[in-house]
$ cat target.cif   # mmCIF, C-alpha atoms and all ligand atoms
data_run
loop_
_atom_site.label_atom_id
_atom_site.label_comp_id
_atom_site.auth_asym_id
_atom_site.auth_seq_id
_atom_site.Cartn_x
_atom_site.Cartn_y
_atom_site.Cartn_z
CA MET A 64 42.17 -100.13 -74.82
CA GLU A 65 41.76 -103.17 -72.55
CA GLY A 66 39.08 -105.44 -73.93
CA ALA A 67 39.04 -103.77 -77.35
CA ALA A 68 38.37 -106.17 -80.21
CA VAL A 69 41.49 -107.10 -82.15
CA THR A 70 41.38 -107.48 -85.92
CA ALA A 71 44.18 -109.49 -87.53
CA LEU A 72 45.09 -109.72 -91.18
CA TYR A 73 46.45 -112.91 -92.76
CA PRO A 74 47.89 -111.88 -96.14
CA GLY A 75 49.15 -114.26 -98.78
CA THR A 76 49.05 -115.22 -102.42
CA PHE A 77 47.10 -118.44 -101.79
CA ASP A 78 47.86 -119.58 -105.35
CA ILE A 79 46.21 -122.76 -104.41
CA LEU A 80 44.83 -122.94 -100.94
CA THR A 81 46.46 -125.75 -98.93
CA HIS A 82 45.75 -127.46 -95.61
CA GLY A 83 48.78 -125.52 -94.33
CA HIS A 84 47.00 -122.18 -94.95
CA LEU A 85 43.76 -123.55 -93.47
CA ASP A 86 45.55 -124.67 -90.33
CA ILE A 87 46.93 -121.14 -89.83
CA ILE A 88 43.48 -119.63 -90.51
CA ARG A 89 41.72 -121.89 -87.99
CA ARG A 90 44.30 -121.27 -85.29
CA ALA A 91 44.45 -117.50 -85.88
CA ALA A 92 40.64 -117.33 -85.80
CA THR A 93 40.73 -118.59 -82.21
CA LEU A 94 43.35 -116.01 -81.18
CA PHE A 95 41.78 -112.84 -82.59
CA ASP A 96 38.27 -111.41 -82.55
CA ARG A 97 38.20 -110.89 -86.29
CA LEU A 98 40.47 -112.38 -88.94
CA ILE A 99 40.65 -110.96 -92.43
CA VAL A 100 42.33 -113.28 -94.90
CA CYS A 101 43.52 -111.10 -97.75
CA VAL A 102 44.54 -112.32 -101.14
CA ALA A 103 47.42 -110.39 -102.68
CA GLN A 104 47.20 -109.95 -106.44
CA ASN A 105 50.96 -110.63 -106.61
CA GLU A 106 51.29 -110.38 -110.41
CA ALA A 107 55.08 -110.67 -110.02
CA LYS A 108 54.60 -114.33 -109.05
CA GLN A 109 52.48 -114.94 -112.17
CA PRO A 110 49.79 -116.82 -110.24
CA LEU A 111 48.00 -119.76 -111.85
CA PHE A 112 44.65 -118.64 -110.40
CA SER A 113 43.10 -115.18 -110.73
CA PRO A 114 42.52 -113.15 -107.56
CA ASP A 115 38.77 -113.88 -107.87
CA GLU A 116 39.40 -117.63 -108.10
CA ARG A 117 41.69 -117.52 -105.07
CA VAL A 118 39.12 -115.52 -103.07
CA GLN A 119 36.41 -118.03 -104.05
CA MET A 120 38.52 -121.03 -102.96
CA LEU A 121 38.92 -119.44 -99.55
CA ARG A 122 35.26 -118.39 -99.24
CA ASP A 123 34.06 -121.88 -100.16
CA THR A 124 36.34 -123.46 -97.57
CA VAL A 125 36.15 -121.25 -94.47
CA SER A 126 32.47 -120.29 -94.57
CA GLU A 127 31.88 -122.14 -91.29
CA LEU A 128 34.21 -119.78 -89.38
CA PRO A 129 32.03 -116.84 -88.31
CA ASN A 130 34.82 -114.36 -87.50
CA VAL A 131 36.78 -114.88 -90.73
CA GLU A 132 36.36 -112.66 -93.81
CA ILE A 133 38.03 -112.98 -97.19
CA MET A 134 39.11 -109.96 -99.24
CA ALA A 135 41.38 -109.23 -102.19
CA PHE A 136 43.89 -106.40 -102.04
CA GLU A 137 46.54 -104.62 -104.02
CA GLY A 138 49.41 -102.53 -102.76
CA LEU A 139 51.07 -102.34 -99.36
CA THR A 140 49.91 -104.85 -96.76
CA THR A 141 50.37 -102.28 -93.98
CA ALA A 142 48.21 -99.73 -95.82
CA PHE A 143 45.50 -102.35 -96.29
CA ALA A 144 45.78 -103.35 -92.61
CA GLN A 145 45.29 -99.73 -91.57
CA SER A 146 42.33 -99.32 -93.93
CA VAL A 147 40.48 -102.23 -92.27
CA GLY A 148 41.54 -101.40 -88.70
CA ALA A 149 43.85 -104.42 -88.26
CA SER A 150 46.57 -104.15 -85.61
CA VAL A 151 48.13 -107.58 -86.26
CA ILE A 152 49.55 -109.26 -89.36
CA VAL A 153 49.61 -113.07 -89.13
CA ARG A 154 52.12 -115.14 -91.08
CA GLY A 155 52.93 -118.83 -91.05
CA LEU A 156 56.47 -120.08 -90.50
CA ARG A 157 57.58 -123.37 -91.94
CA ALA A 158 61.22 -124.41 -92.23
CA VAL A 159 64.22 -122.14 -91.70
CA SER A 160 63.94 -121.22 -95.37
CA ASP A 161 60.91 -118.99 -94.60
CA PHE A 162 62.65 -117.21 -91.78
CA GLU A 163 64.90 -114.66 -93.45
CA TYR A 164 62.25 -113.40 -95.87
CA GLU A 165 59.57 -113.27 -93.17
CA LEU A 166 61.87 -111.44 -90.74
CA MET A 167 62.76 -108.90 -93.44
CA MET A 168 59.09 -108.32 -94.27
CA ALA A 169 58.12 -108.01 -90.61
CA LEU A 170 60.85 -105.45 -89.93
CA MET A 171 59.97 -103.49 -93.05
CA ASN A 172 56.29 -103.50 -92.11
CA ARG A 173 57.14 -102.27 -88.62
CA GLN A 174 59.10 -99.37 -90.16
CA LEU A 175 56.13 -98.55 -92.36
CA ALA A 176 53.50 -98.95 -89.66
CA PRO A 177 54.92 -99.11 -86.10
CA GLY A 178 51.49 -99.76 -84.58
CA ILE A 179 51.04 -103.06 -86.38
CA GLU A 180 52.63 -106.22 -84.95
CA THR A 181 53.51 -109.26 -87.06
CA VAL A 182 52.68 -112.51 -85.30
CA PHE A 183 54.09 -115.82 -86.55
CA LEU A 184 52.33 -119.13 -86.13
CA THR A 185 54.55 -122.15 -86.65
CA ALA A 186 53.36 -124.65 -89.21
CA SER A 187 51.92 -127.86 -87.83
CA SER A 188 54.47 -130.66 -88.13
CA ASP A 189 52.49 -132.62 -90.73
CA GLN A 190 52.28 -129.53 -92.98
CA ILE A 191 55.76 -128.16 -92.58
CA PHE A 192 56.83 -129.18 -96.09
CA LEU A 193 53.56 -128.22 -97.77
CA SER A 194 53.68 -125.31 -100.21
CA SER A 195 51.36 -124.05 -102.93
CA THR A 196 54.21 -124.27 -105.43
CA LEU A 197 54.78 -127.97 -104.73
CA VAL A 198 51.08 -128.81 -104.82
CA ARG A 199 50.64 -127.06 -108.19
CA GLU A 200 53.65 -128.93 -109.53
CA VAL A 201 52.46 -132.33 -108.27
CA GLY A 202 49.02 -131.62 -109.75
CA ARG A 203 50.51 -130.59 -113.08
CA LEU A 204 52.47 -133.85 -113.23
CA GLY A 205 49.34 -135.89 -112.54
CA GLY A 206 50.03 -136.75 -108.89
CA ASP A 207 47.37 -137.12 -106.23
CA ILE A 208 46.96 -133.82 -104.34
CA GLU A 209 43.85 -134.72 -102.31
CA SER A 210 45.75 -135.02 -99.05
CA PHE A 211 47.23 -131.52 -99.39
CA VAL A 212 44.21 -129.40 -100.29
CA PRO A 213 40.45 -129.49 -99.61
CA ARG A 214 38.61 -131.69 -102.12
CA PRO A 215 36.80 -128.82 -103.95
CA VAL A 216 40.15 -127.05 -104.36
CA ALA A 217 41.69 -130.20 -105.89
CA GLU A 218 38.76 -130.21 -108.32
CA VAL A 219 39.34 -126.54 -109.22
CA LEU A 220 43.01 -127.33 -109.95
CA ARG A 221 42.08 -130.31 -112.14
CA ARG A 222 39.69 -128.13 -114.17
CA LYS A 223 42.26 -125.35 -114.51
CA LEU A 224 44.95 -127.76 -115.72
CA ALA A 225 42.54 -129.46 -118.13
CA ALA A 226 41.55 -126.06 -119.57
CA GLN A 227 45.21 -125.25 -120.16
CA ALA A 228 46.07 -128.57 -121.80
P1 LIG B 301 53.14 -115.41 -99.92
O1 LIG B 301 53.34 -115.26 -101.38
O2 LIG B 301 52.66 -114.16 -99.24
O3 LIG B 301 54.28 -116.05 -99.16
P2 LIG B 301 51.62 -117.85 -99.58
O4 LIG B 301 50.23 -118.05 -100.03
O5 LIG B 301 52.67 -118.71 -100.17
O6 LIG B 301 51.85 -116.33 -99.81
O7 LIG B 301 51.71 -117.99 -98.01
C1 LIG B 301 50.97 -117.17 -97.15
C2 LIG B 301 51.43 -117.39 -95.73
O8 LIG B 301 51.10 -118.71 -95.34
C3 LIG B 301 52.94 -117.25 -95.51
O9 LIG B 301 53.16 -116.69 -94.23
C4 LIG B 301 53.43 -118.68 -95.55
O10 LIG B 301 54.60 -118.85 -94.81
C5 LIG B 301 52.24 -119.37 -94.88
N1 LIG B 301 52.17 -120.78 -95.26
C6 LIG B 301 52.19 -121.32 -96.50
N2 LIG B 301 52.13 -122.66 -96.45
C7 LIG B 301 52.10 -122.99 -95.13
C8 LIG B 301 52.07 -124.23 -94.40
N3 LIG B 301 52.11 -125.40 -95.03
N4 LIG B 301 52.02 -124.18 -93.06
C9 LIG B 301 52.04 -122.99 -92.42
N5 LIG B 301 52.08 -121.78 -93.03
C10 LIG B 301 52.11 -121.78 -94.36
#
$ encode --input "target.cif" --output "structure tokens"
Amino acid sequence: MEGAAVTALYPGTFDILTHGHLDIIRRAATLFDRLIVCVAQNEAKQPLFSPDERVQMLRDTVSELPNVEIMAFEGLTTAFAQSVGASVIVRGLRAVSDFEYELMMALMNRQLAPGIETVFLTASSDQIFLSSTLVREVGRLGGDIESFVPRPVAEVLRRKLAAQA
């Protein structure tokens, strides 16, 4: 298999795309031949944005990266990885608080699909405290979110919040 192209999957909710996600995407895109960023429906989290809106935010932002594709998915991440021929799942690690959940998920995914490796990229130091939840909350309270998300995404959040008011 030496030299075979490696497809990696970066799954997440992306219930507002942040510079933290984009940093992981850009770095993972240099490590793997093909990177599929997949948007989990994740109804349990009651996302603010629909799956289509989240896919669009990503498409609008990473269009300049030729080996990155954006898809939506439902169901098991490992099943989706197998269906697109991905052998790697990429996740971002921020503070210690991410670690236990991420470790549990990685071990569960290895049980479900032993051929798929989870690879963690550490958050960049200036984004280590950046989360979608916090950005949505700051936006909802009228704070300036432009340094946390791409400008068009900030605009999408403003419109969404105005429509809900
Ligand atoms: P999920 O609901 O799957 O955790 P998120 O959209 O919150 O989805 O996050 C997707 C992935 O991106 C996770 O691995 C998360 O740890 C990572 N991530 C989120 N924010 C950052 C950040 N600021 N820096 C690095 N990785 C991040």
$ atom_distance --input "target.cif" --atom1 "atom C5 of ligand LIG 301 (chain B)" --atom2 "CA of Ser210 (chain A)"
17.4 Å
$ residues_around --input "target.cif" --residues "Ile133 (chain A)" --least-positions-apart "2" --cutoff "9 Å" --atoms "all atoms listed in the file" --output "PDB file with C-alpha atoms, in the coordinates of the input"
ATOM      1  CA  LEU A  98      40.470-112.380 -88.940  1.00  0.00           C
ATOM      2  CA  ILE A  99      40.650-110.960 -92.430  1.00  0.00           C
ATOM      3  CA  VAL A 100      42.330-113.280 -94.900  1.00  0.00           C
ATOM      4  CA  CYS A 101      43.520-111.100 -97.750  1.00  0.00           C
ATOM      5  CA  VAL A 102      44.540-112.320-101.140  1.00  0.00           C
ATOM      6  CA  VAL A 118      39.120-115.520-103.070  1.00  0.00           C
ATOM      7  CA  GLN A 119      36.410-118.030-104.050  1.00  0.00           C
ATOM      8  CA  LEU A 121      38.920-119.440 -99.550  1.00  0.00           C
ATOM      9  CA  ARG A 122      35.260-118.390 -99.240  1.00  0.00           C
ATOM     10  CA  VAL A 125      36.150-121.250 -94.470  1.00  0.00           C
ATOM     11  CA  VAL A 131      36.780-114.880 -90.730  1.00  0.00           C
ATOM     12  CA  ALA A 135      41.380-109.230-102.190  1.00  0.00           C
TER      13      ALA A 135
END
$ residues_near_ligand --input "target.cif" --ligand "ligand LIG 301 (chain B)" --cutoff "9 Å" --atoms "all atoms listed in the file" --output "PyMOL selection string"
chain A and resi 73-87+102-103+105+108+153-157+161-162+165+183-196+211
$ atom_distance --input "target.cif" --atom1 "CA of Gly206 (chain A)" --atom2 "CA of Arg90 (chain A)"
28.8 Å
$ closest_residue --input "target.cif" --among "A:Ala107, A:Arg203, A:Phe136, A:Val147" --to "Lys223 (chain A)" --atoms "all atoms listed in the file"
A:Arg203
$ atom_distance --input "target.cif" --atom1 "CA of Ala176 (chain A)" --atom2 "CA of Glu106 (chain A)"
23.8 Å
$ axis_aligned_box --input "target.cif" --around "region 149-156 of chain A" --padding-each-side "5 Å" --output "lines of an AutoDock Vina configuration file"
center_x = 50.2
center_y = -112.1
center_z = -88.3
size_x = 22.6
size_y = 25.9
size_z = 15.5
$ residues_around --input "target.cif" --residues "Gly178 (chain A)" --least-positions-apart "3" --cutoff "9 Å" --atoms "only C-alpha atoms" --output "VMD selection string"
chain A and resid 150 to 151 173
$ write_last_selection --input "target.cif" --atoms "C-alpha atoms" --output "mmCIF file, in the frame of the given file"
data_model
loop_
_atom_site.group_PDB
_atom_site.id
_atom_site.type_symbol
_atom_site.label_atom_id
_atom_site.label_comp_id
_atom_site.auth_asym_id
_atom_site.auth_seq_id
_atom_site.Cartn_x
_atom_site.Cartn_y
_atom_site.Cartn_z
ATOM 1 C CA SER A 150 46.570 -104.150 -85.610
ATOM 2 C CA VAL A 151 48.130 -107.580 -86.260
ATOM 3 C CA ARG A 173 57.140 -102.270 -88.620
#
$ closest_residue --input "target.cif" --among "A:Leu128, A:Leu175, A:Leu111, A:Met167" --to "Thr140 (chain A)" --atoms "all atoms listed in the file"
A:Leu175
$ residues_near_point --input "target.cif" --point "(54.3, -108.1, -85.2)" --cutoff "7 Å" --atoms "all atoms listed in the file" --output "PyMOL selection string"
chain A and resi 151-152+169+179-182
$ residues_near_point --input "target.cif" --point "(34.6, -105.0, -79.7)" --cutoff "12 Å" --atoms "all atoms listed in the file" --output "number ranges by chain"
A: 64-70, 95-97, 148
$ write_last_selection --input "target.cif" --atoms "C-alpha atoms" --output "PDB file, in the coordinates of the input"
ATOM      1  CA  MET A  64      42.170-100.130 -74.820  1.00  0.00           C
ATOM      2  CA  GLU A  65      41.760-103.170 -72.550  1.00  0.00           C
ATOM      3  CA  GLY A  66      39.080-105.440 -73.930  1.00  0.00           C
ATOM      4  CA  ALA A  67      39.040-103.770 -77.350  1.00  0.00           C
ATOM      5  CA  ALA A  68      38.370-106.170 -80.210  1.00  0.00           C
ATOM      6  CA  VAL A  69      41.490-107.100 -82.150  1.00  0.00           C
ATOM      7  CA  THR A  70      41.380-107.480 -85.920  1.00  0.00           C
ATOM      8  CA  PHE A  95      41.780-112.840 -82.590  1.00  0.00           C
ATOM      9  CA  ASP A  96      38.270-111.410 -82.550  1.00  0.00           C
ATOM     10  CA  ARG A  97      38.200-110.890 -86.290  1.00  0.00           C
ATOM     11  CA  GLY A 148      41.540-101.400 -88.700  1.00  0.00           C
TER      12      GLY A 148
END
$ closest_residue --input "target.cif" --among "A:Gln109, A:Gln227, A:Thr93, A:Gln104" --to "Ala71 (chain A)" --atoms "only C-alpha atoms"
A:Thr93
$ build_atoms --input "target.cif" --residues "region 165-190 of chain A" --atoms "N, CA, C and O atoms" --output "PDB file, keeping the file's coordinate frame"
ATOM      1  N   GLU A 165      60.649-113.700 -94.079  1.00  0.00           N
ATOM      2  CA  GLU A 165      59.570-113.270 -93.170  1.00  0.00           C
ATOM      3  C   GLU A 165      60.072-112.212 -92.177  1.00  0.00           C
ATOM      4  O   GLU A 165      59.366-111.264 -91.869  1.00  0.00           O
ATOM      5  N   LEU A 166      61.304-112.405 -91.684  1.00  0.00           N
ATOM      6  CA  LEU A 166      61.870-111.440 -90.740  1.00  0.00           C
ATOM      7  C   LEU A 166      62.046-110.080 -91.434  1.00  0.00           C
ATOM      8  O   LEU A 166      61.680-109.031 -90.889  1.00  0.00           O
ATOM      9  N   MET A 167      62.551-110.125 -92.669  1.00  0.00           N
ATOM     10  CA  MET A 167      62.760-108.900 -93.440  1.00  0.00           C
ATOM     11  C   MET A 167      61.433-108.166 -93.648  1.00  0.00           C
ATOM     12  O   MET A 167      61.328-106.954 -93.451  1.00  0.00           O
ATOM     13  N   MET A 168      60.413-108.924 -94.029  1.00  0.00           N
ATOM     14  CA  MET A 168      59.090-108.320 -94.270  1.00  0.00           C
ATOM     15  C   MET A 168      58.522-107.730 -92.984  1.00  0.00           C
ATOM     16  O   MET A 168      57.971-106.629 -92.977  1.00  0.00           O
ATOM     17  N   ALA A 169      58.673-108.478 -91.888  1.00  0.00           N
ATOM     18  CA  ALA A 169      58.120-108.010 -90.610  1.00  0.00           C
ATOM     19  C   ALA A 169      58.808-106.724 -90.171  1.00  0.00           C
ATOM     20  O   ALA A 169      58.147-105.779 -89.703  1.00  0.00           O
ATOM     21  N   LEU A 170      60.121-106.662 -90.343  1.00  0.00           N
ATOM     22  CA  LEU A 170      60.850-105.450 -89.930  1.00  0.00           C
ATOM     23  C   LEU A 170      60.496-104.280 -90.836  1.00  0.00           C
ATOM     24  O   LEU A 170      60.315-103.153 -90.370  1.00  0.00           O
ATOM     25  N   MET A 171      60.374-104.551 -92.119  1.00  0.00           N
ATOM     26  CA  MET A 171      59.970-103.490 -93.050  1.00  0.00           C
ATOM     27  C   MET A 171      58.570-102.983 -92.702  1.00  0.00           C
ATOM     28  O   MET A 171      58.322-101.771 -92.648  1.00  0.00           O
ATOM     29  N   ASN A 172      57.672-103.908 -92.444  1.00  0.00           N
ATOM     30  CA  ASN A 172      56.290-103.500 -92.110  1.00  0.00           C
ATOM     31  C   ASN A 172      56.249-102.709 -90.810  1.00  0.00           C
ATOM     32  O   ASN A 172      55.449-101.784 -90.677  1.00  0.00           O
ATOM     33  N   ARG A 173      57.131-103.049 -89.873  1.00  0.00           N
ATOM     34  CA  ARG A 173      57.140-102.270 -88.620  1.00  0.00           C
ATOM     35  C   ARG A 173      57.650-100.855 -88.868  1.00  0.00           C
ATOM     36  O   ARG A 173      57.175 -99.897 -88.275  1.00  0.00           O
ATOM     37  N   GLN A 174      58.621-100.712 -89.794  1.00  0.00           N
ATOM     38  CA  GLN A 174      59.100 -99.370 -90.160  1.00  0.00           C
ATOM     39  C   GLN A 174      57.951 -98.562 -90.776  1.00  0.00           C
ATOM     40  O   GLN A 174      57.774 -97.389 -90.490  1.00  0.00           O
ATOM     41  N   LEU A 175      57.203 -99.244 -91.636  1.00  0.00           N
ATOM     42  CA  LEU A 175      56.130 -98.550 -92.360  1.00  0.00           C
ATOM     43  C   LEU A 175      54.948 -98.216 -91.456  1.00  0.00           C
ATOM     44  O   LEU A 175      54.290 -97.200 -91.627  1.00  0.00           O
ATOM     45  N   ALA A 176      54.681 -99.119 -90.514  1.00  0.00           N
ATOM     46  CA  ALA A 176      53.500 -98.950 -89.660  1.00  0.00           C
ATOM     47  C   ALA A 176      53.827 -99.477 -88.263  1.00  0.00           C
ATOM     48  O   ALA A 176      53.539-100.635 -87.944  1.00  0.00           O
ATOM     49  N   PRO A 177      54.452 -98.638 -87.411  1.00  0.00           N
ATOM     50  CA  PRO A 177      54.920 -99.110 -86.100  1.00  0.00           C
ATOM     51  C   PRO A 177      53.810 -99.648 -85.199  1.00  0.00           C
ATOM     52  O   PRO A 177      54.073-100.439 -84.305  1.00  0.00           O
ATOM     53  N   GLY A 178      52.581 -99.292 -85.439  1.00  0.00           N
ATOM     54  CA  GLY A 178      51.490 -99.760 -84.580  1.00  0.00           C
ATOM     55  C   GLY A 178      51.010-101.163 -84.910  1.00  0.00           C
ATOM     56  O   GLY A 178      50.155-101.709 -84.202  1.00  0.00           O
ATOM     57  N   ILE A 179      51.521-101.735 -85.968  1.00  0.00           N
ATOM     58  CA  ILE A 179      51.040-103.060 -86.380  1.00  0.00           C
ATOM     59  C   ILE A 179      52.103-104.113 -86.056  1.00  0.00           C
ATOM     60  O   ILE A 179      53.259-103.974 -86.437  1.00  0.00           O
ATOM     61  N   GLU A 180      51.708-105.145 -85.327  1.00  0.00           N
ATOM     62  CA  GLU A 180      52.630-106.220 -84.950  1.00  0.00           C
ATOM     63  C   GLU A 180      52.466-107.407 -85.908  1.00  0.00           C
ATOM     64  O   GLU A 180      51.333-107.797 -86.221  1.00  0.00           O
ATOM     65  N   THR A 181      53.588-107.998 -86.305  1.00  0.00           N
ATOM     66  CA  THR A 181      53.510-109.260 -87.060  1.00  0.00           C
ATOM     67  C   THR A 181      53.622-110.420 -86.065  1.00  0.00           C
ATOM     68  O   THR A 181      54.505-110.428 -85.216  1.00  0.00           O
ATOM     69  N   VAL A 182      52.699-111.345 -86.180  1.00  0.00           N
ATOM     70  CA  VAL A 182      52.680-112.510 -85.300  1.00  0.00           C
ATOM     71  C   VAL A 182      52.874-113.757 -86.165  1.00  0.00           C
ATOM     72  O   VAL A 182      52.196-113.919 -87.186  1.00  0.00           O
ATOM     73  N   PHE A 183      53.831-114.597 -85.776  1.00  0.00           N
ATOM     74  CA  PHE A 183      54.090-115.820 -86.550  1.00  0.00           C
ATOM     75  C   PHE A 183      53.493-117.030 -85.857  1.00  0.00           C
ATOM     76  O   PHE A 183      53.692-117.223 -84.652  1.00  0.00           O
ATOM     77  N   LEU A 184      52.792-117.834 -86.629  1.00  0.00           N
ATOM     78  CA  LEU A 184      52.330-119.130 -86.130  1.00  0.00           C
ATOM     79  C   LEU A 184      53.175-120.188 -86.817  1.00  0.00           C
ATOM     80  O   LEU A 184      53.324-120.159 -88.048  1.00  0.00           O
ATOM     81  N   THR A 185      53.735-121.104 -86.031  1.00  0.00           N
ATOM     82  CA  THR A 185      54.550-122.150 -86.650  1.00  0.00           C
ATOM     83  C   THR A 185      53.637-123.143 -87.358  1.00  0.00           C
ATOM     84  O   THR A 185      52.538-123.438 -86.877  1.00  0.00           O
ATOM     85  N   ALA A 186      54.113-123.634 -88.476  1.00  0.00           N
ATOM     86  CA  ALA A 186      53.360-124.650 -89.210  1.00  0.00           C
ATOM     87  C   ALA A 186      53.188-125.882 -88.339  1.00  0.00           C
ATOM     88  O   ALA A 186      54.053-126.189 -87.514  1.00  0.00           O
ATOM     89  N   SER A 187      52.078-126.574 -88.512  1.00  0.00           N
ATOM     90  CA  SER A 187      51.920-127.860 -87.830  1.00  0.00           C
ATOM     91  C   SER A 187      52.877-128.860 -88.466  1.00  0.00           C
ATOM     92  O   SER A 187      53.170-128.765 -89.667  1.00  0.00           O
ATOM     93  N   SER A 188      53.373-129.804 -87.657  1.00  0.00           N
ATOM     94  CA  SER A 188      54.470-130.660 -88.130  1.00  0.00           C
ATOM     95  C   SER A 188      54.111-131.450 -89.391  1.00  0.00           C
ATOM     96  O   SER A 188      54.951-131.678 -90.250  1.00  0.00           O
ATOM     97  N   ASP A 189      52.824-131.836 -89.533  1.00  0.00           N
ATOM     98  CA  ASP A 189      52.490-132.620 -90.730  1.00  0.00           C
ATOM     99  C   ASP A 189      52.329-131.733 -91.975  1.00  0.00           C
ATOM    100  O   ASP A 189      52.106-132.242 -93.071  1.00  0.00           O
ATOM    101  N   GLN A 190      52.422-130.409 -91.817  1.00  0.00           N
ATOM    102  CA  GLN A 190      52.280-129.530 -92.980  1.00  0.00           C
ATOM    103  C   GLN A 190      53.520-128.691 -93.255  1.00  0.00           C
ATOM    104  O   GLN A 190      53.507-127.776 -94.064  1.00  0.00           O
TER     105      GLN A 190
END
